[in-house]
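Structure below is query-v8.cif: mmCIF, C-alpha atoms and all ligand atoms.
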```cif
data_data
#
loop_
_atom_site.label_atom_id
_atom_site.label_comp_id
_atom_site.auth_asym_id
_atom_site.auth_seq_id
_atom_site.Cartn_x
_atom_site.Cartn_y
_atom_site.Cartn_z
CA MET A 508 287.82 149.98 17.08
CA SER A 509 285.46 147.93 14.98
CA ARG A 510 286.17 148.21 11.25
CA THR A 511 282.79 149.73 10.50
CA GLU A 512 282.90 152.56 13.04
CA PRO A 513 284.25 155.86 11.72
CA PRO A 514 287.23 157.18 13.72
CA ILE A 515 285.25 160.29 14.70
CA ARG A 516 281.52 160.26 15.34
CA CYS A 517 279.29 162.79 17.07
CA GLN A 518 275.57 162.55 17.66
CA ASP A 519 273.63 165.51 19.06
CA LEU A 520 276.81 166.76 20.71
CA ALA A 521 276.74 170.02 22.70
CA VAL A 522 279.99 171.76 23.59
CA GLY A 523 280.75 174.75 25.82
CA TYR A 524 282.08 175.85 29.17
CA ASP A 525 280.76 175.55 32.73
CA GLY A 526 277.50 173.99 31.56
CA GLU A 527 276.84 176.85 29.12
CA PRO A 528 276.61 175.57 25.53
CA ILE A 529 278.40 177.37 22.70
CA LEU A 530 277.36 174.85 20.00
CA THR A 531 274.55 172.28 20.15
CA ASP A 532 273.05 169.50 18.00
CA LEU A 533 276.34 168.62 16.35
CA SER A 534 276.03 165.39 14.39
CA PHE A 535 278.73 164.30 11.97
CA THR A 536 281.26 161.59 11.28
CA VAL A 537 284.74 161.56 9.79
CA GLU A 538 285.97 158.39 8.10
CA SER A 539 289.56 157.12 7.87
CA GLY A 540 291.47 158.92 5.14
CA SER A 541 288.99 161.82 5.10
CA THR A 542 289.30 165.46 6.08
CA LEU A 543 286.61 167.62 7.63
CA ALA A 544 287.15 171.38 7.76
CA LEU A 545 285.45 173.58 10.36
CA VAL A 546 284.86 177.18 9.31
CA GLY A 547 282.94 180.06 10.86
CA ARG A 548 283.36 183.53 12.32
CA SER A 549 285.78 184.24 15.12
CA GLY A 550 284.27 183.22 18.45
CA CYS A 551 281.66 180.84 16.97
CA GLY A 552 283.11 177.82 18.77
CA LYS A 553 285.51 176.08 16.39
CA THR A 554 288.27 175.71 18.96
CA THR A 555 285.75 174.69 21.61
CA LEU A 556 284.58 171.81 19.40
CA LEU A 557 288.13 170.75 18.55
CA LYS A 558 289.17 170.84 22.22
CA THR A 559 286.18 168.69 23.05
CA LEU A 560 287.17 166.15 20.38
CA ALA A 561 290.69 166.21 21.83
CA GLY A 562 289.29 165.31 25.24
CA ALA A 563 290.28 168.61 26.85
CA LEU A 564 286.65 169.63 27.49
CA THR A 565 283.76 167.45 28.65
CA PRO A 566 280.78 167.31 26.26
CA LEU A 567 277.69 168.94 27.73
CA GLU A 568 275.27 166.64 25.89
CA GLY A 569 275.11 163.92 23.28
CA ASP A 570 277.38 161.08 22.27
CA ALA A 571 280.77 161.42 20.71
CA ALA A 572 283.68 159.04 20.27
CA VAL A 573 287.17 159.25 18.83
CA LEU A 574 288.67 155.90 17.80
CA ASP A 575 285.85 154.19 19.63
CA THR A 576 286.68 155.94 22.90
CA GLU A 577 283.74 157.87 24.32
CA LEU A 578 284.56 161.51 25.08
CA PRO A 579 285.93 162.96 27.30
CA GLU A 580 288.13 159.85 27.58
CA THR A 581 290.98 159.95 25.10
CA PRO A 582 292.09 157.14 22.80
CA PRO A 583 295.39 155.32 23.48
CA PRO A 584 298.49 157.58 23.63
CA GLY A 585 300.03 158.24 20.24
CA THR A 586 296.86 157.58 18.22
CA MET A 587 295.51 161.14 18.24
CA GLY A 588 297.57 164.14 17.16
CA TYR A 589 296.51 167.65 18.16
CA VAL A 590 297.85 170.94 16.89
CA PRO A 591 296.21 173.44 19.28
CA GLN A 592 295.62 177.06 18.29
CA SER A 593 297.88 178.00 21.19
CA LEU A 594 300.49 175.45 19.94
CA GLY A 595 301.45 174.07 23.35
CA LEU A 596 305.21 174.16 22.77
CA VAL A 597 307.94 174.33 25.40
CA GLY A 598 309.72 177.60 24.61
CA HIS A 599 313.01 176.93 26.37
CA GLU A 600 313.44 173.54 24.69
CA THR A 601 314.89 172.97 21.24
CA VAL A 602 312.90 172.38 18.06
CA LEU A 603 314.07 168.74 18.04
CA MET A 604 313.00 168.09 21.63
CA ASN A 605 309.57 169.68 21.05
CA VAL A 606 309.02 167.51 17.96
CA LEU A 607 310.17 164.42 19.88
CA HIS A 608 307.40 165.10 22.39
CA GLY A 609 305.13 163.69 19.65
CA ARG A 610 306.78 160.33 20.30
CA LEU A 611 306.59 160.32 24.10
CA SER A 612 304.02 157.54 23.97
CA ASP A 613 306.73 155.19 22.60
CA LEU A 614 308.70 155.46 25.84
CA GLY A 615 308.41 153.88 29.25
CA TRP A 616 307.92 156.27 32.17
CA MET A 617 311.60 156.47 33.12
CA ASP A 618 312.80 157.16 29.56
CA SER A 619 310.00 159.67 29.05
CA LEU A 620 310.95 161.41 32.32
CA LEU A 621 314.55 161.65 31.17
CA GLY A 622 313.68 162.41 27.55
CA ARG A 623 315.61 159.34 26.32
CA PHE A 624 314.34 158.85 22.76
CA SER A 625 315.52 156.12 20.41
CA GLY A 626 317.77 156.83 17.43
CA ASP A 627 314.87 155.98 15.13
CA ALA A 628 312.62 158.51 16.85
CA LYS A 629 315.32 161.16 16.40
CA ILE A 630 315.69 160.31 12.70
CA ASP A 631 311.91 160.52 12.22
CA ALA A 632 311.78 163.82 14.13
CA CYS A 633 314.55 165.30 11.96
CA GLU A 634 312.68 164.18 8.84
CA ALA A 635 309.48 165.84 10.10
CA ILE A 636 311.43 169.03 10.86
CA GLU A 637 312.85 168.94 7.32
CA GLN A 638 309.36 168.36 5.87
CA VAL A 639 307.97 171.49 7.49
CA GLY A 640 310.91 173.49 6.14
CA LEU A 641 312.82 173.91 9.39
CA GLY A 642 315.90 171.84 8.55
CA GLY A 643 318.89 173.45 10.29
CA TYR A 644 316.78 174.66 13.25
CA GLU A 645 316.87 171.36 15.18
CA ARG A 646 319.02 172.81 18.00
CA THR A 647 317.33 176.23 18.09
CA ARG A 648 315.19 177.02 21.11
CA VAL A 649 311.53 177.47 20.19
CA LYS A 650 311.34 180.84 22.01
CA GLU A 651 313.81 182.20 19.43
CA LEU A 652 311.51 181.34 16.47
CA SER A 653 308.89 183.42 14.64
CA GLY A 654 305.16 182.69 15.03
CA GLY A 655 304.96 180.80 11.72
CA GLN A 656 308.09 178.81 12.53
CA ARG A 657 306.64 177.83 15.91
CA ARG A 658 303.44 176.73 14.23
CA ARG A 659 305.48 174.49 11.96
CA VAL A 660 307.20 172.92 15.00
CA ALA A 661 303.75 172.04 16.38
CA ILE A 662 302.80 170.54 13.00
CA ALA A 663 306.00 168.46 12.90
CA ARG A 664 305.29 167.26 16.46
CA ALA A 665 301.88 165.98 15.32
CA PHE A 666 303.17 164.53 12.03
CA VAL A 667 305.97 162.53 13.69
CA GLN A 668 303.36 160.73 15.74
CA GLU A 669 301.69 159.37 12.56
CA PRO A 670 298.38 159.47 14.40
CA ARG A 671 295.17 157.79 13.25
CA VAL A 672 293.27 160.99 13.98
CA LEU A 673 294.68 164.50 13.56
CA LEU A 674 292.96 167.59 15.00
CA ALA A 675 294.53 170.81 13.73
CA ASP A 676 293.45 174.29 14.82
CA GLU A 677 294.39 177.00 12.31
CA MET A 678 297.44 175.03 11.33
CA LEU A 679 298.14 177.25 8.32
CA SER A 680 297.71 180.68 9.91
CA GLU A 681 300.81 182.89 10.05
CA LEU A 682 302.28 180.98 7.09
CA ASP A 683 303.04 182.51 3.70
CA ASP A 684 301.36 180.93 0.66
CA GLU A 685 304.37 178.86 -0.37
CA THR A 686 305.00 177.46 3.10
CA ALA A 687 301.28 176.77 3.62
CA ARG A 688 301.21 174.90 0.30
CA SER A 689 304.14 172.71 1.30
CA ILE A 690 302.46 171.90 4.65
CA VAL A 691 299.23 170.98 2.84
CA ASP A 692 301.24 168.70 0.52
CA CYS A 693 302.95 167.04 3.56
CA LEU A 694 299.57 166.53 5.20
CA ALA A 695 298.14 164.94 2.03
CA ALA A 696 301.16 162.62 1.70
CA LEU A 697 300.93 161.56 5.35
CA GLN A 698 297.21 161.00 5.02
CA ARG A 699 297.71 158.80 1.94
CA GLU A 700 300.35 156.82 3.82
CA THR A 701 298.50 156.38 7.11
CA ASP A 702 294.81 156.76 6.18
CA MET A 703 294.33 159.12 9.12
CA ALA A 704 291.11 161.03 9.71
CA VAL A 705 291.67 164.79 9.91
CA VAL A 706 289.63 167.64 11.38
CA ILE A 707 291.06 171.03 10.55
CA VAL A 708 289.89 174.47 11.66
CA GLU A 709 290.50 176.86 8.81
CA HIS A 710 289.51 180.53 8.52
CA ASN A 711 289.93 180.62 4.76
CA LEU A 712 286.95 178.96 3.07
CA GLU A 713 288.79 178.55 -0.24
CA ILE A 714 291.62 176.63 1.45
CA ALA A 715 289.11 174.63 3.48
CA ARG A 716 287.29 173.57 0.32
CA GLU A 717 290.53 172.70 -1.38
CA ILE A 718 291.93 170.44 1.31
CA ALA A 719 288.78 168.93 2.83
CA ASP A 720 286.32 166.29 1.71
CA ALA A 721 283.58 168.16 3.57
CA VAL A 722 283.17 171.54 5.24
CA LEU A 723 281.01 172.46 8.23
CA ARG A 724 280.18 176.10 8.69
CA LEU A 725 279.58 176.74 12.38
CA GLY A 726 277.62 179.70 13.73
CA SER A 727 274.46 180.76 15.59
CA GLY A 728 275.06 178.06 18.17
CA GLY A 729 275.30 175.11 15.81
CA ILE A 730 275.96 173.89 12.28
CA GLU A 731 274.85 176.61 9.87
CA GLU A 732 275.75 174.83 6.69
CA ARG A 733 277.24 171.57 5.48
CA MET A 734 279.22 171.84 2.27
CA THR A 735 281.00 169.50 -0.08
CA PRO A 736 284.32 170.80 -1.47
CA ALA A 737 282.49 172.19 -4.51
CA GLY A 738 280.51 174.33 -2.08
CA THR A 739 277.14 172.68 -2.53
CA PRO A 740 275.11 172.18 0.65
CA THR A 741 274.44 168.57 1.65
CA PRO A 742 271.60 167.32 3.85
CA ASP A 743 273.60 164.29 4.97
CA SER A 744 275.06 164.20 8.47
CA THR A 745 277.84 161.90 7.24
CA LEU A 746 280.09 164.47 5.72
CA ALA A 747 283.59 163.29 5.31
CA GLY A 748 282.91 159.66 4.75
CA ASP A 749 282.15 159.15 1.11
CA ARG A 750 285.37 159.94 -0.64
CA THR A 751 286.25 157.55 -3.41
CA ASP A 752 289.91 157.73 -4.28
CA PRO A 753 290.66 158.22 -7.97
N1 LIG A 801 287.87 178.94 28.74
C1 LIG A 801 286.73 179.53 28.37
N2 LIG A 801 285.74 179.76 29.27
C2 LIG A 801 284.58 180.33 28.90
N3 LIG A 801 284.30 180.75 27.64
C3 LIG A 801 285.26 180.56 26.71
C4 LIG A 801 286.51 179.94 27.02
N4 LIG A 801 287.25 179.88 25.89
C5 LIG A 801 286.50 180.44 24.92
N5 LIG A 801 285.30 180.84 25.40
C6 LIG A 801 284.21 181.47 24.64
O1 LIG A 801 283.65 180.50 23.77
C7 LIG A 801 283.30 181.11 22.53
C8 LIG A 801 283.92 180.29 21.41
O2 LIG A 801 285.34 180.39 21.50
P1 LIG A 801 286.28 179.58 20.54
O3 LIG A 801 287.67 179.80 20.99
O4 LIG A 801 285.79 178.19 20.41
O5 LIG A 801 286.00 180.34 19.14
P2 LIG A 801 286.67 180.15 17.71
O6 LIG A 801 285.57 179.88 16.74
O7 LIG A 801 287.75 179.14 17.79
O8 LIG A 801 287.27 181.60 17.43
P3 LIG A 801 288.62 182.05 16.67
O9 LIG A 801 288.32 181.89 15.20
O10 LIG A 801 288.78 183.48 17.06
O11 LIG A 801 289.74 181.20 17.13
C9 LIG A 801 283.77 182.56 22.60
O12 LIG A 801 282.65 183.36 22.86
C10 LIG A 801 284.73 182.59 23.76
O13 LIG A 801 284.66 183.82 24.43
MG MG A 802 289.81 179.25 17.60
#
```
Would you encode the structure as structure tokens?
Amino acid sequence: MSRTEPPIRCQDLAVGYDGEPILTDLSFTVESGSTLALVGRSGCGKTTLLKTLAGALTPLEGDAAVLDTELPETPPPGTMGYVPQSLGLVGHETVLMNVLHGRLSDLGWMDSLLGRFSGDAKIDACEAIEQVGLGGYERTRVKELSGGQRRRVAIARAFVQEPRVLLADEMLSELDDETARSIVDCLAALQRETDMAVVIVEHNLEIAREIADAVLRLGSGGIEERMTPAGTPTPDSTLAGDRTDP
């Protein structure tokens, strides 16, 4: 990626299913080290947009690229982390093995087939599990966990990847305030360390404003409002790109 291109850029993007648009005219960018929050009523298309950015859906119109890779192609393995709303965990496997899936891109095909991860990957995975407050659950099967615990496994799986772009769909739902706060702190620390660009879908506008550099309210088939964290509307299509670190 050229140094000047933001890791996420969309121009007049339309997203939807089977040729039918759910959201149109989406133009925005997200710079390295910045966070964009997507808010809006249930069913407005937040997940559809995130899935499109993740390369799981083909854009219906417009131009969009993640890490300089035009959608629906996906950037090199390991560079983009995705926490889907549906989590995408393997229930009969352990917490540790699910988190290690975040490091599959480190392995050759034979090792990945056999799940042969390095000692370093296992140490990193255990650290990520500890960070999300699941220390002691490494050998527990995911199907035996609560909804919030499962969500934290999916977060650890994305964190252990140390991706350059993180797409997180309702990452904090099902979590109590204290646990959600600790996850937000982990995310901020990782973002400081790695300068990753983050797009987060968040139902709670207050939380969205707190953790994001810019907020897009989606609805009525497009972007209804662009907000800065203070809640003031902005006319600029470049939303999450102007943060100046203190
Ligand atoms: N696979 C699909 N095929 C066709 N339509 C779909 C599909 N998945 C979702 N939709 C429709 O697309 C619209 C947007 O759904 P989406 O999941 O993006 O909403 P959302 O904003 O993420 O909602 P929520 O906050 O409830 O998660 C909805 O009307 C939904 O019915
Ligand atoms: Mg959704």
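Nearest-residue note for Val573 (chain A): choosing from A:Thr701, A:Thr536, A:Gln656, A:Ser549, the minimum distance belongs to A:Thr536, counting all atoms listed in the file.
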Exercise for the section: Output the neighbourhood of ligand MG 802 (chain A) as a list in words, that is, all protein and nucleic acid residues with some atom at most 10 Å from the ligand, counting only C-alpha atoms and all ligand atoms. Expected result: Val546, Gly547, Arg548, Ser549, Gly550, Cys551, Gly552, Lys553, Thr554, Thr555, Leu556, Leu557, Lys558, Pro591, Gln592, Ser593, Asp676, Glu677, Val708, Glu709 and His710 of chain A
Completion exercise
As a check of understanding: the span from atom O1 of ligand LIG 801 (chain A) to CA of Val606 (chain A) is 29.1 Å
Exercise for the section: Record the distance separating CA of Arg516 (chain A) and CA of Ser534 (chain A), expressed in Å with one decimal. Expected result: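 These two atoms are separated by 7.6 Å.
If all atoms listed in the file are the atoms counted, then among A:Gly523, A:Gly588, A:Gly595, A:Gly622 the closest residue to Pro566 (chain A) is A:Gly523.
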Practice task
Tell me which of A:Glu669, A:Asp570, A:Glu731, A:Asp720 sits closest to Ser612 (chain A), counting only C-alpha atoms.
Solution key: A:Glu669
Can region 521-532 of chain A be brought up to all heavy atoms and written out as a short mmCIF file (atom, residue, chain, number, x, y, z; two decimals), in the frame of the given file?
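rebuild.cif written:
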```cif
data_model
loop_
_atom_site.label_atom_id
_atom_site.label_comp_id
_atom_site.auth_asym_id
_atom_site.auth_seq_id
_atom_site.Cartn_x
_atom_site.Cartn_y
_atom_site.Cartn_z
N ALA A 521 276.73 168.61 22.30
CA ALA A 521 276.74 170.02 22.70
C ALA A 521 278.06 170.30 23.38
O ALA A 521 278.52 169.51 24.22
CB ALA A 521 275.57 170.32 23.64
N VAL A 522 278.69 171.43 23.00
CA VAL A 522 279.99 171.76 23.59
C VAL A 522 279.94 173.18 24.17
O VAL A 522 279.18 174.03 23.70
CB VAL A 522 281.13 171.66 22.54
CG1 VAL A 522 281.22 170.26 21.98
CG2 VAL A 522 280.96 172.68 21.41
N GLY A 523 280.73 173.42 25.20
CA GLY A 523 280.75 174.75 25.82
C GLY A 523 281.53 174.70 27.11
O GLY A 523 282.32 173.77 27.34
N TYR A 524 281.31 175.72 27.92
CA TYR A 524 282.08 175.85 29.17
C TYR A 524 281.15 176.01 30.36
O TYR A 524 280.12 176.70 30.26
CB TYR A 524 282.99 177.10 29.09
CG TYR A 524 283.93 177.06 27.92
CD1 TYR A 524 283.55 177.58 26.68
CD2 TYR A 524 285.19 176.47 28.01
CE1 TYR A 524 284.41 177.55 25.59
CE2 TYR A 524 286.04 176.42 26.94
CZ TYR A 524 285.65 176.96 25.73
OH TYR A 524 286.50 176.91 24.66
N ASP A 525 281.50 175.39 31.47
CA ASP A 525 280.76 175.55 32.73
C ASP A 525 279.25 175.32 32.55
O ASP A 525 278.44 176.08 33.08
CB ASP A 525 281.00 176.95 33.33
CG ASP A 525 282.49 177.23 33.52
OD1 ASP A 525 283.19 176.30 33.92
OD2 ASP A 525 282.92 178.36 33.21
N GLY A 526 278.92 174.31 31.76
CA GLY A 526 277.50 173.99 31.56
C GLY A 526 276.79 174.89 30.57
O GLY A 526 275.61 174.66 30.26
N GLU A 527 277.46 175.92 30.08
CA GLU A 527 276.84 176.85 29.12
C GLU A 527 277.22 176.43 27.71
O GLU A 527 278.40 176.51 27.32
CB GLU A 527 277.33 178.28 29.36
CG GLU A 527 276.84 178.91 30.64
CD GLU A 527 275.33 179.11 30.62
OE1 GLU A 527 274.78 179.45 29.54
OE2 GLU A 527 274.70 178.89 31.67
N PRO A 528 276.25 176.02 26.87
CA PRO A 528 276.61 175.57 25.53
C PRO A 528 277.02 176.71 24.60
O PRO A 528 276.45 177.80 24.66
CB PRO A 528 275.34 174.89 25.02
CG PRO A 528 274.24 175.42 25.85
CD PRO A 528 274.82 175.86 27.16
N ILE A 529 278.01 176.44 23.78
CA ILE A 529 278.40 177.37 22.70
C ILE A 529 277.83 176.83 21.38
O ILE A 529 277.32 177.59 20.57
CB ILE A 529 279.95 177.45 22.58
CG1 ILE A 529 280.60 177.86 23.90
CG2 ILE A 529 280.36 178.36 21.43
CD1 ILE A 529 280.53 179.31 24.25
N LEU A 530 277.90 175.51 21.21
CA LEU A 530 277.36 174.85 20.00
C LEU A 530 276.55 173.65 20.45
O LEU A 530 276.97 172.91 21.35
CB LEU A 530 278.51 174.38 19.10
CG LEU A 530 279.40 175.44 18.47
CD1 LEU A 530 280.66 174.80 17.90
CD2 LEU A 530 278.66 176.22 17.38
N THR A 531 275.39 173.43 19.81
CA THR A 531 274.55 172.28 20.15
C THR A 531 274.15 171.52 18.88
O THR A 531 274.35 172.01 17.76
CB THR A 531 273.26 172.72 20.88
OG1 THR A 531 272.55 173.60 20.01
CG2 THR A 531 273.55 173.43 22.18
N ASP A 532 273.58 170.33 19.10
CA ASP A 532 273.05 169.50 18.00
C ASP A 532 274.07 169.22 16.91
O ASP A 532 273.78 169.29 15.72
CB ASP A 532 271.82 170.18 17.35
CG ASP A 532 270.68 170.30 18.33
OD1 ASP A 532 270.50 169.37 19.15
OD2 ASP A 532 269.97 171.32 18.30
#
```
